[in-house]
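Undergrad: Take a look at entry.txt, compact mmCIF, C-alpha atoms and all ligand atoms:
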```
# COMPACT_ATOMS: atom_id res chain seq x y z
CA MET A 1323 49.62 112.45 -52.57
CA GLY A 1324 47.43 114.05 -55.20
CA SER A 1325 44.04 115.52 -54.61
CA VAL A 1326 40.89 115.98 -56.57
CA GLU A 1327 39.48 119.48 -56.49
CA PRO A 1328 35.82 119.77 -55.60
CA PRO A 1329 33.54 120.73 -58.46
CA THR A 1330 32.22 124.26 -58.51
CA GLN A 1331 28.53 124.12 -59.14
CA GLN A 1332 26.16 127.04 -59.42
CA SER A 1333 22.97 125.03 -59.58
CA TYR A 1334 21.57 121.68 -58.56
CA PRO A 1335 20.91 119.35 -60.22
CA PRO A 1336 23.72 119.98 -62.68
CA PHE A 1337 21.72 118.57 -65.60
CA PRO A 1338 18.03 118.45 -66.47
CA ASP A 1339 15.88 115.41 -65.86
CA THR A 1340 14.68 114.18 -69.26
CA GLY A 1341 11.72 112.24 -67.89
CA SER A 1342 13.01 109.01 -69.39
CA LEU A 1343 11.95 106.98 -66.32
CA LYS A 1344 8.35 108.14 -66.24
CA GLY A 1345 7.07 105.03 -68.00
CA PHE A 1346 8.61 102.66 -65.48
CA LYS A 1347 6.90 101.54 -62.30
CA SER A 1348 8.67 102.56 -59.11
CA ILE A 1349 7.62 102.42 -55.48
CA PRO A 1350 9.02 104.65 -52.74
CA LEU A 1351 9.62 102.09 -49.97
CA THR A 1352 9.45 104.75 -47.26
CA PRO A 1353 8.79 108.49 -47.38
CA ILE A 1354 12.44 109.24 -46.63
CA ILE A 1355 14.67 106.62 -48.21
CA GLY A 1356 14.63 103.78 -50.72
CA THR A 1357 12.84 103.20 -54.03
CA GLU A 1358 12.18 99.93 -55.80
CA PHE A 1359 11.75 99.72 -59.55
CA LYS A 1360 9.36 96.98 -60.65
CA ASP A 1361 9.53 94.77 -63.73
CA VAL A 1362 12.75 96.24 -65.05
CA ASP A 1363 15.63 94.37 -66.66
CA ILE A 1364 18.56 96.73 -66.33
CA THR A 1365 20.40 95.02 -69.19
CA GLU A 1366 17.61 96.40 -71.42
CA TRP A 1367 18.26 99.86 -69.99
CA LEU A 1368 21.91 99.48 -70.91
CA ARG A 1369 20.96 98.79 -74.55
CA ALA A 1370 18.02 101.19 -74.93
CA PRO A 1371 18.27 103.92 -77.60
CA ASN A 1372 17.94 106.53 -74.83
CA SER A 1373 20.20 104.58 -72.48
CA ASP A 1374 22.27 107.61 -71.48
CA ASP A 1375 19.15 109.57 -70.55
CA ILE A 1376 17.81 106.66 -68.48
CA LEU A 1377 21.05 106.17 -66.57
CA ARG A 1378 21.60 109.89 -66.02
CA ASP A 1379 18.03 110.34 -64.78
CA LEU A 1380 18.46 107.27 -62.59
CA SER A 1381 21.50 108.86 -60.97
CA LEU A 1382 19.21 111.64 -59.73
CA VAL A 1383 16.75 109.14 -58.29
CA ILE A 1384 19.56 107.33 -56.47
CA ALA A 1385 20.94 110.63 -55.18
CA GLN A 1386 17.49 111.73 -53.99
CA ARG A 1387 16.32 108.41 -52.54
CA GLY A 1388 19.69 107.11 -51.31
CA VAL A 1389 19.22 103.54 -52.47
CA VAL A 1390 17.37 101.92 -55.38
CA PHE A 1391 16.45 98.25 -55.72
CA PHE A 1392 15.86 95.95 -58.69
CA ARG A 1393 14.77 92.38 -58.08
CA ASN A 1394 15.53 89.29 -60.16
CA GLN A 1395 18.25 90.70 -62.37
CA HIS A 1396 19.14 87.26 -63.68
CA LYS A 1397 20.60 88.58 -66.93
CA VAL A 1398 23.10 90.76 -65.12
CA ASP A 1399 26.63 89.40 -64.98
CA ASP A 1400 29.88 90.94 -63.77
CA VAL A 1401 30.38 92.82 -67.04
CA SER A 1402 26.92 94.39 -67.19
CA GLN A 1403 26.93 95.13 -63.45
CA LYS A 1404 30.13 97.10 -63.90
CA GLU A 1405 28.83 98.86 -67.01
CA PHE A 1406 25.70 99.88 -65.10
CA CYS A 1407 27.74 101.34 -62.25
CA ARG A 1408 30.43 102.98 -64.41
CA ARG A 1409 28.05 104.69 -66.81
CA ILE A 1410 25.84 106.05 -64.02
CA ASN A 1411 28.94 107.47 -62.37
CA GLU A 1412 30.31 108.99 -65.56
CA LEU A 1413 26.98 110.35 -66.81
CA SER A 1414 26.28 111.97 -63.45
CA GLY A 1415 29.49 113.99 -63.61
CA ALA A 1416 32.06 112.13 -61.55
CA PRO A 1417 35.67 113.17 -62.19
CA LYS A 1418 36.49 111.75 -65.61
CA GLU A 1419 39.71 110.04 -64.54
CA ASN A 1420 38.01 108.11 -61.74
CA GLY A 1421 37.16 104.45 -62.00
CA PHE A 1422 36.35 101.43 -59.88
CA TYR A 1423 37.57 100.86 -56.38
CA LYS A 1424 40.14 98.11 -55.99
CA HIS A 1425 40.19 96.59 -52.54
CA SER A 1426 43.42 97.02 -50.60
CA LEU A 1427 43.66 93.42 -49.54
CA LEU A 1428 45.24 91.56 -52.42
CA ALA A 1429 43.57 88.45 -51.01
CA MET A 1430 40.27 90.08 -52.01
CA HIS A 1431 41.41 90.40 -55.61
CA GLY A 1432 39.91 87.66 -57.70
CA ALA A 1433 39.94 87.38 -61.46
CA ASP A 1434 38.72 90.97 -61.59
CA PRO A 1435 40.06 93.17 -58.78
CA GLU A 1436 37.33 95.72 -59.50
CA MET A 1437 34.61 93.24 -58.59
CA GLY A 1438 34.60 92.55 -54.89
CA LYS A 1439 33.21 89.44 -53.29
CA VAL A 1440 31.00 90.28 -50.34
CA ASP A 1441 31.40 87.13 -48.36
CA PRO A 1442 31.01 87.53 -44.62
CA ASP A 1443 32.59 84.19 -43.85
CA ARG A 1444 35.71 85.29 -45.65
CA LEU A 1445 35.60 88.74 -44.08
CA LYS A 1446 35.01 87.22 -40.67
CA ALA A 1447 38.08 85.06 -41.01
CA MET A 1448 40.09 88.06 -42.15
CA TYR A 1449 38.96 90.78 -39.77
CA LEU A 1450 37.21 89.45 -36.72
CA LYS A 1451 38.91 88.34 -33.58
CA PRO A 1452 37.38 85.37 -31.77
CA ASP A 1453 34.70 86.49 -29.36
CA ASN A 1454 35.03 85.86 -25.67
CA GLY A 1455 32.03 83.63 -25.34
CA MET A 1456 29.69 86.36 -24.18
CA PRO A 1457 26.51 87.34 -26.03
CA ARG A 1458 27.03 90.10 -28.54
CA GLN A 1459 24.80 93.00 -27.55
CA THR A 1460 25.43 95.56 -30.24
CA HIS A 1461 25.96 95.63 -33.97
CA LEU A 1462 26.27 99.41 -34.05
CA LYS A 1463 29.71 99.17 -35.61
CA GLU A 1464 28.27 97.43 -38.65
CA TRP A 1465 26.92 100.79 -39.85
CA HIS A 1466 29.23 102.56 -42.29
CA THR A 1467 29.53 104.33 -45.59
CA ASP A 1468 31.87 102.52 -47.95
CA SER A 1469 35.59 103.34 -47.82
CA SER A 1470 35.11 106.89 -46.51
CA PHE A 1471 38.76 106.82 -45.39
CA GLU A 1472 39.78 107.45 -49.00
CA PRO A 1473 40.49 111.07 -50.04
CA ALA A 1474 38.04 110.60 -52.92
CA PRO A 1475 35.51 108.17 -51.45
CA PRO A 1476 32.94 106.17 -53.40
CA THR A 1477 29.87 107.52 -55.12
CA PHE A 1478 27.80 104.48 -56.06
CA THR A 1479 27.98 100.90 -54.87
CA VAL A 1480 26.18 98.14 -56.77
CA LEU A 1481 25.59 94.88 -54.90
CA ARG A 1482 24.14 91.81 -56.62
CA MET A 1483 23.30 88.80 -54.51
CA ALA A 1484 24.52 85.41 -55.67
CA VAL A 1485 24.02 83.14 -52.64
CA LEU A 1486 21.31 83.68 -50.04
CA PRO A 1487 20.71 82.10 -46.65
CA GLU A 1488 17.34 80.51 -45.86
CA THR A 1489 16.49 83.59 -43.85
CA GLY A 1490 18.18 86.71 -42.54
CA GLY A 1491 21.02 88.59 -44.17
CA ASP A 1492 18.97 91.73 -44.73
CA THR A 1493 20.63 95.09 -45.35
CA LEU A 1494 19.58 98.41 -43.83
CA TRP A 1495 20.29 101.92 -45.07
CA ALA A 1496 19.90 105.21 -43.19
CA SER A 1497 19.52 108.64 -44.75
CA GLY A 1498 22.29 111.18 -44.21
CA TYR A 1499 19.96 113.92 -45.50
CA GLU A 1500 17.43 113.12 -42.82
CA LEU A 1501 20.06 112.84 -40.08
CA TYR A 1502 21.05 116.41 -40.89
CA ASP A 1503 17.43 117.58 -41.07
CA ARG A 1504 16.64 116.01 -37.68
CA LEU A 1505 19.13 118.37 -36.02
CA SER A 1506 18.02 121.69 -34.56
CA ALA A 1507 19.35 124.84 -36.21
CA PRO A 1508 22.14 125.40 -33.63
CA TYR A 1509 23.23 121.76 -33.92
CA LYS A 1510 23.12 121.98 -37.72
CA ALA A 1511 25.44 124.99 -37.63
CA PHE A 1512 27.77 123.33 -35.16
CA TYR A 1513 28.10 120.07 -37.09
CA GLU A 1514 28.65 122.09 -40.27
CA SER A 1515 31.60 123.81 -38.62
CA LEU A 1516 33.39 120.50 -38.09
CA THR A 1517 35.52 118.08 -40.03
CA ALA A 1518 36.17 114.50 -39.08
CA THR A 1519 38.91 111.92 -39.49
CA HIS A 1520 37.92 108.85 -41.46
CA TYR A 1521 40.27 105.95 -40.89
CA SER A 1522 40.50 102.21 -41.34
CA GLU A 1523 42.47 101.04 -38.34
CA GLY A 1524 42.05 97.45 -39.54
CA LEU A 1525 43.54 98.05 -42.98
CA HIS A 1526 46.29 100.29 -41.66
CA SER A 1527 47.51 97.88 -38.99
CA TYR A 1528 47.26 94.94 -41.37
CA ALA A 1529 49.28 96.91 -43.95
CA LYS A 1530 51.99 97.67 -41.41
CA ALA A 1531 52.36 94.00 -40.62
CA ASN A 1532 51.83 92.71 -44.17
CA PRO A 1533 52.76 95.41 -46.68
CA ASP A 1534 53.39 92.85 -49.41
CA LYS A 1535 49.82 91.66 -49.13
CA MET A 1536 48.34 95.09 -49.75
CA PHE A 1537 47.48 97.04 -52.88
CA SER A 1538 48.81 100.56 -52.43
CA GLY A 1539 46.72 102.05 -55.21
CA PRO A 1540 45.52 103.99 -56.97
CA ARG A 1541 42.19 102.72 -55.74
CA GLY A 1542 39.83 104.18 -58.31
CA ALA A 1543 41.11 107.76 -58.07
CA ALA A 1544 44.52 109.36 -58.34
CA SER A 1545 44.33 110.55 -54.75
CA ASN A 1546 43.53 107.13 -53.29
CA VAL A 1547 47.04 105.77 -52.81
CA GLY A 1548 49.29 104.63 -49.99
CA LEU A 1549 48.69 102.44 -46.98
CA GLU A 1550 47.54 104.98 -44.42
CA TYR A 1551 43.77 104.81 -45.05
CA LYS A 1552 43.07 108.12 -43.37
CA SER A 1553 41.33 111.27 -44.63
CA HIS A 1554 39.69 114.38 -43.22
CA HIS A 1555 36.27 115.24 -44.61
CA PRO A 1556 33.57 117.81 -43.81
CA ALA A 1557 31.16 116.53 -41.17
CA VAL A 1558 28.32 117.74 -43.37
CA ARG A 1559 28.78 117.48 -47.12
CA THR A 1560 26.84 118.81 -50.07
CA HIS A 1561 25.67 116.24 -52.56
CA PRO A 1562 26.76 117.42 -56.01
CA LEU A 1563 23.62 116.09 -57.74
CA THR A 1564 20.86 117.19 -55.37
CA GLY A 1565 22.62 120.10 -53.72
CA TRP A 1566 21.31 118.85 -50.38
CA LYS A 1567 23.38 118.72 -47.22
CA SER A 1568 24.02 115.30 -45.77
CA LEU A 1569 25.55 114.23 -42.47
CA PHE A 1570 28.74 112.39 -43.36
CA ALA A 1571 30.80 112.05 -40.16
CA TRP A 1572 29.61 108.80 -38.68
CA GLY A 1573 29.92 105.03 -39.03
CA ALA A 1574 32.62 102.44 -38.63
CA ASN A 1575 35.03 104.19 -41.00
CA CYS A 1576 34.77 107.51 -39.13
CA LEU A 1577 37.29 107.66 -36.33
CA ALA A 1578 36.69 111.01 -34.61
CA TYR A 1579 35.65 114.61 -35.02
CA ASP A 1580 38.62 116.94 -35.47
CA ASN A 1581 39.81 119.68 -33.09
CA VAL A 1582 37.63 118.61 -30.19
CA THR A 1583 38.46 116.45 -27.19
CA ASP A 1584 38.06 112.69 -27.32
CA GLU A 1585 35.12 113.02 -24.96
CA GLU A 1586 33.48 115.67 -27.13
CA SER A 1587 34.04 113.59 -30.25
CA ALA A 1588 32.45 110.57 -28.59
CA GLN A 1589 29.45 112.68 -27.61
CA LEU A 1590 29.10 114.06 -31.12
CA MET A 1591 29.31 110.55 -32.54
CA ASP A 1592 26.84 109.23 -29.99
CA LYS A 1593 24.38 111.99 -30.87
CA ILE A 1594 24.26 110.67 -34.45
CA SER A 1595 24.12 107.05 -33.29
CA ARG A 1596 21.07 107.86 -31.21
CA LEU A 1597 19.41 109.62 -34.14
CA VAL A 1598 19.93 106.54 -36.33
CA LEU A 1599 18.85 104.02 -33.72
CA ASP A 1600 15.94 106.04 -32.32
CA ASN A 1601 14.37 106.89 -35.69
CA GLN A 1602 13.27 103.88 -37.69
CA ASP A 1603 11.63 106.16 -40.23
CA LEU A 1604 14.96 107.36 -41.57
CA GLN A 1605 15.94 103.77 -42.33
CA VAL A 1606 14.91 101.30 -44.98
CA ARG A 1607 15.43 97.56 -44.56
CA PHE A 1608 15.69 95.34 -47.61
CA HIS A 1609 15.15 91.60 -47.60
CA TRP A 1610 17.04 89.85 -50.36
CA GLU A 1611 14.41 87.41 -51.64
CA ASN A 1612 16.14 85.96 -54.68
CA THR A 1613 19.56 85.59 -56.12
CA GLY A 1614 19.88 88.32 -58.71
CA ASP A 1615 18.29 90.96 -56.46
CA LEU A 1616 20.38 94.07 -56.92
CA ALA A 1617 20.81 97.34 -55.02
CA ILE A 1618 22.58 100.52 -56.00
CA TRP A 1619 23.18 103.13 -53.36
CA ASP A 1620 24.85 106.51 -53.03
CA ASN A 1621 27.52 106.55 -50.33
CA ARG A 1622 27.46 110.36 -50.18
CA CYS A 1623 24.06 110.46 -48.48
CA THR A 1624 23.53 107.08 -46.81
CA PHE A 1625 24.94 104.70 -44.25
CA HIS A 1626 24.31 100.97 -44.44
CA SER A 1627 24.55 97.88 -42.30
CA ALA A 1628 24.02 94.20 -42.97
CA THR A 1629 22.35 92.13 -40.31
CA SER A 1630 24.60 89.39 -38.96
CA ASP A 1631 21.87 86.84 -38.37
CA HIS A 1632 22.58 84.75 -41.46
CA PHE A 1633 25.75 83.36 -39.90
CA VAL A 1634 23.60 80.81 -38.13
CA VAL A 1635 21.46 79.71 -41.09
CA GLY A 1636 23.69 79.63 -44.10
CA PRO A 1637 26.09 81.38 -46.41
CA ARG A 1638 25.41 84.74 -48.03
CA MET A 1639 27.50 86.04 -50.88
CA GLY A 1640 27.23 88.90 -53.33
CA TRP A 1641 29.23 90.70 -55.97
CA ARG A 1642 30.04 94.35 -55.36
CA CYS A 1643 31.54 97.08 -57.45
CA MET A 1644 31.83 100.72 -56.59
CA THR A 1645 32.91 103.87 -58.37
CA MET A 1646 34.82 106.76 -56.92
CA GLY A 1647 33.72 110.37 -56.82
CA GLU A 1648 34.69 113.87 -55.88
CA LYS A 1649 36.54 115.02 -52.80
CA PRO A 1650 33.73 115.68 -50.29
CA PHE A 1651 32.84 119.36 -50.00
CA LEU A 1652 30.39 121.59 -48.16
CA ASP A 1653 28.83 124.35 -50.22
CA PRO A 1654 27.78 126.92 -47.60
CA ASN A 1655 25.00 128.10 -49.91
CA SER A 1656 23.48 124.66 -50.32
CA LYS A 1657 20.27 123.68 -48.55
CA SER A 1658 19.01 120.75 -46.56
CA ARG A 1659 16.53 118.47 -48.28
CA ASN A 1660 13.62 119.79 -46.24
CA GLU A 1661 14.65 123.37 -46.97
CA ALA A 1662 14.88 122.61 -50.68
CA THR A 1663 11.72 120.54 -51.02
CA GLY A 1664 9.43 121.55 -48.17
CA GLY A 1665 9.48 117.98 -46.84
CA TRP A 1666 7.34 115.02 -47.80
CA PRO A 1667 6.03 114.56 -50.40
CA TYR A 1668 9.43 115.45 -51.79
CA LYS A 1669 9.32 117.01 -55.20
CA LEU A 1670 10.85 114.04 -56.93
CA GLU A 1671 11.28 114.17 -60.64
CA ASN A 1672 10.84 110.47 -61.29
CA PRO A 1673 9.39 108.09 -58.74
CA SER A 1674 5.70 107.46 -59.22
CA ARG A 1675 3.19 104.80 -58.27
CA HIS A 1676 1.35 103.15 -61.12
FE FE B 1 29.59 98.43 -47.18
```
For this file, write the structure as structure tokens.
Ligand SMILES: [Fe+2]

TA:
Amino acid sequence: MGSVEPPTQQSYPPFPDTGSLKGFKSIPLTPIIGTEFKDVDITEWLRAPNSDDILRDLSLVIAQRGVVFFRNQHKVDDVSQKEFCRRINELSGAPKENGFYKHSLLAMHGADPEMGKVDPDRLKAMYLKPDNGMPRQTHLKEWHTDSSFEPAPPTFTVLRMAVLPETGGDTLWASGYELYDRLSAPYKAFYESLTATHYSEGLHSYAKANPDKMFSGPRGAASNVGLEYKSHHPAVRTHPLTGWKSLFAWGANCLAYDNVTDEESAQLMDKISRLVLDNQDLQVRFHWENTGDLAIWDNRCTFHSATSDHFVVGPRMGWRCMTMGEKPFLDPNSKSRNEATGGWPYKLENPSRH
């Protein structure tokens, strides 16, 4: 199995902000996470004379704010959605040979295996066992960062909604930067000393039983091959664009902390669960109002979870593509966001209220 070497960076961000987004209206949805751009047609950004500057500057906003929203992107189709995601990834310095993730389940491969269909009814039929008739009391396991079991996990995910239920079906994101900053200094140091195993038990066991129904790769990066779906990553990683430390070892794709007992791992995991669930202010919740609403998020510094309430009121379907990035790394000289910025108001280059 190949591996992608982490980039060696002496400064963050690795490129200057050109200010190309200053004329566009954007709203920070919370102090900590999430920004919405208003009155933007991203297909115009793709064709603008300074398109590369816009997309490169946007990559910094996404990296800083975790997730960025654009409503009513009715002109965006599969081709332009992929171009948007690919160029942001390339312009922001992702390994040049990397591309789009291809889902392991061949059944998920439609006409374009790089464009995934986010369709809970289909996923439910594929993954979920029948319940036992009791009320479901937790959706904690819905939280995850995409495909973190890959050796070179995703950078950006773009999700464009195509079918919406009458109500429900919201998506929540939580900030990995803030999870790290909410820890005390001794806890910060301890979590930084750890690695964790990321693993998809579901994909692995399905692959063992149905190897002919699985795509063994490469899944968007030379290292992402095979049918094991297991990787070890630093528990705290440095984001290569912001230089900020982000808590990474958590969520449904994170199996356990390494070199500690099962009980200790469960306690370490539960500590982060409590931080997410007890601190609404490190989350942002987005209601998909219209088909064509689009989100792009950075999997290196966020976790996300859909609500499951739409099952009772109607279908929900979206188109997703995601690009692959560097092997996660921890730069011991990097800073937390609060250390680097002094806290809110963060010294953002771009977002501004108009
Ligand atoms: Fe996801």

Undergrad: Name the residues, by chain letter and number, that sit within 10 Å of ligand FE 1 (chain B) using only C-alpha atoms and all ligand atoms, and give them as a list in words.

TA: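 The residues near ligand FE 1 (chain B) are Val1440, Glu1464, Trp1465, His1466, Thr1467, Asp1468, Ser1469, Thr1479, Leu1481, Thr1493, Ala1574, Asn1621, Phe1625, His1626, Ser1627, Ala1628, Arg1642 and Met1644 of chain A.
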
Undergrad: With only C-alpha atoms as the atoms that count, which of A:Ser1538, A:Gln1589, A:Thr1624, A:Thr1489 lies nearest to A:Val1389?

TA: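 Selected residue with least distance to A:Val1389: A:Thr1624.
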
Undergrad: Nearest residue to A:Met1646 out of A:Ala1416, A:Ala1529, A:Val1547, A:Val1558, using all atoms listed in the file?

TA: A:Ala1416

Undergrad: Name the closest residue to A:Arg1638 among the candidates A:Lys1439, A:Arg1559, A:Arg1541, A:Arg1596; distances are taken between atoms, counting only C-alpha atoms.

TA: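 Selected residue with least distance to A:Arg1638: A:Lys1439.
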
Undergrad: Show me the residues close to (21.0, 91.3, -57.9) - anything with an atom within 7 Å, counting only C-alpha atoms - and format the list as a list in words.

TA: Phe1392, Arg1393, Asn1394, Gln1395, Leu1481, Arg1482, Met1483, Thr1613, Gly1614, Asp1615, Leu1616 and Ala1617 of chain A

Undergrad: Between A:Asp1600, A:Asp1399, A:Asp1434, A:Asp1361, single out the one closest to A:Leu1501, counting only C-alpha atoms.

TA: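 Checking each of A:Asp1600, A:Asp1399, A:Asp1434, A:Asp1361 against A:Leu1501, counting only C-alpha atoms, the winner is A:Asp1600.
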
Undergrad: So how many Å separate atom CA of A:Lys1649 and atom CA of A:Lys1552, to one decimal?

TA: 13.4 Å

Undergrad: Mind listing as number ranges by chain all residues within 10 Å of (42.5, 104.0, -36.5), counting only C-alpha atoms?

TA: A: 1519-1527, 1550-1552, 1575-1578

Undergrad: Can you tell me, as JSON, numbers by chain, what residues are no more than 10 Å from stretch 1402-1414 of chain A when counting only C-alpha atoms, ignoring any on the same chain fewer than 2 positions away?

TA: {"A": [1335, 1336, 1337, 1364, 1365, 1367, 1368, 1373, 1374, 1375, 1376, 1377, 1378, 1379, 1380, 1381, 1382, 1384, 1385, 1395, 1397, 1398, 1399, 1400, 1416, 1417, 1418, 1419, 1420, 1421, 1422, 1436, 1437, 1476, 1477, 1478, 1479, 1480, 1481, 1482, 1562, 1563, 1616, 1618, 1641, 1642, 1643, 1644, 1645, 1646, 1647]}

Undergrad: Have a look at atom CA of A:Leu1569 and atom CA of A:Lys1593 and let me know their distance in Å, one decimal.

TA: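 According to the coordinates, atom CA of A:Leu1569 and atom CA of A:Lys1593 are separated by 11.9 Å.
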
Undergrad: So, counting all atoms listed in the file, which residue among A:Trp1619, A:Tyr1579, A:Tyr1502, A:Trp1495 is closest to A:Asp1603?

TA: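 Going through A:Trp1619, A:Tyr1579, A:Tyr1502, A:Trp1495 one by one, the smallest distance to A:Asp1603 is for A:Trp1495.
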
Undergrad: Quick check, in Å to one decimal: how far apart do atom CA of A:Ala1496 and atom CA of A:Leu1351 lie?

TA: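 Answer for the atom CA of A:Ala1496 to atom CA of A:Leu1351 separation: 12.7 Å.
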
Undergrad: Just the residues within 8 Å of A:Pro1650, please, counting all atoms listed in the file, with nothing from its chain fewer than 6 positions along; format it as a PDB file with C-alpha atoms, in the coordinates of the input.

TA:
```pdb
ATOM      1  CA  PRO A1328      35.820 119.770 -55.600  1.00  0.00           C
ATOM      2  CA  ALA A1474      38.040 110.600 -52.920  1.00  0.00           C
ATOM      3  CA  PRO A1475      35.510 108.170 -51.450  1.00  0.00           C
ATOM      4  CA  HIS A1555      36.270 115.240 -44.610  1.00  0.00           C
ATOM      5  CA  PRO A1556      33.570 117.810 -43.810  1.00  0.00           C
ATOM      6  CA  ARG A1559      28.780 117.480 -47.120  1.00  0.00           C
ATOM      7  CA  THR A1560      26.840 118.810 -50.070  1.00  0.00           C
TER       8      THR A1560
END
```

Undergrad: Which residue out of A:Gly1490, A:Ile1594, A:Val1401, A:Ser1630 has the minimum interatomic distance to A:Arg1458 when all atoms listed in the file are used?

TA: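 So, comparing all the options, the nearest one is A:Ser1630.
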
Undergrad: Could you list, as a VMD selection string, every residue within 10 Å of stretch 1660-1663 of chain A, counting only C-alpha atoms and ignoring same-chain residues fewer than 6 positions away?

TA: chain A and resid 1499 to 1500 1502 to 1504 1564 to 1567 1669 to 1670
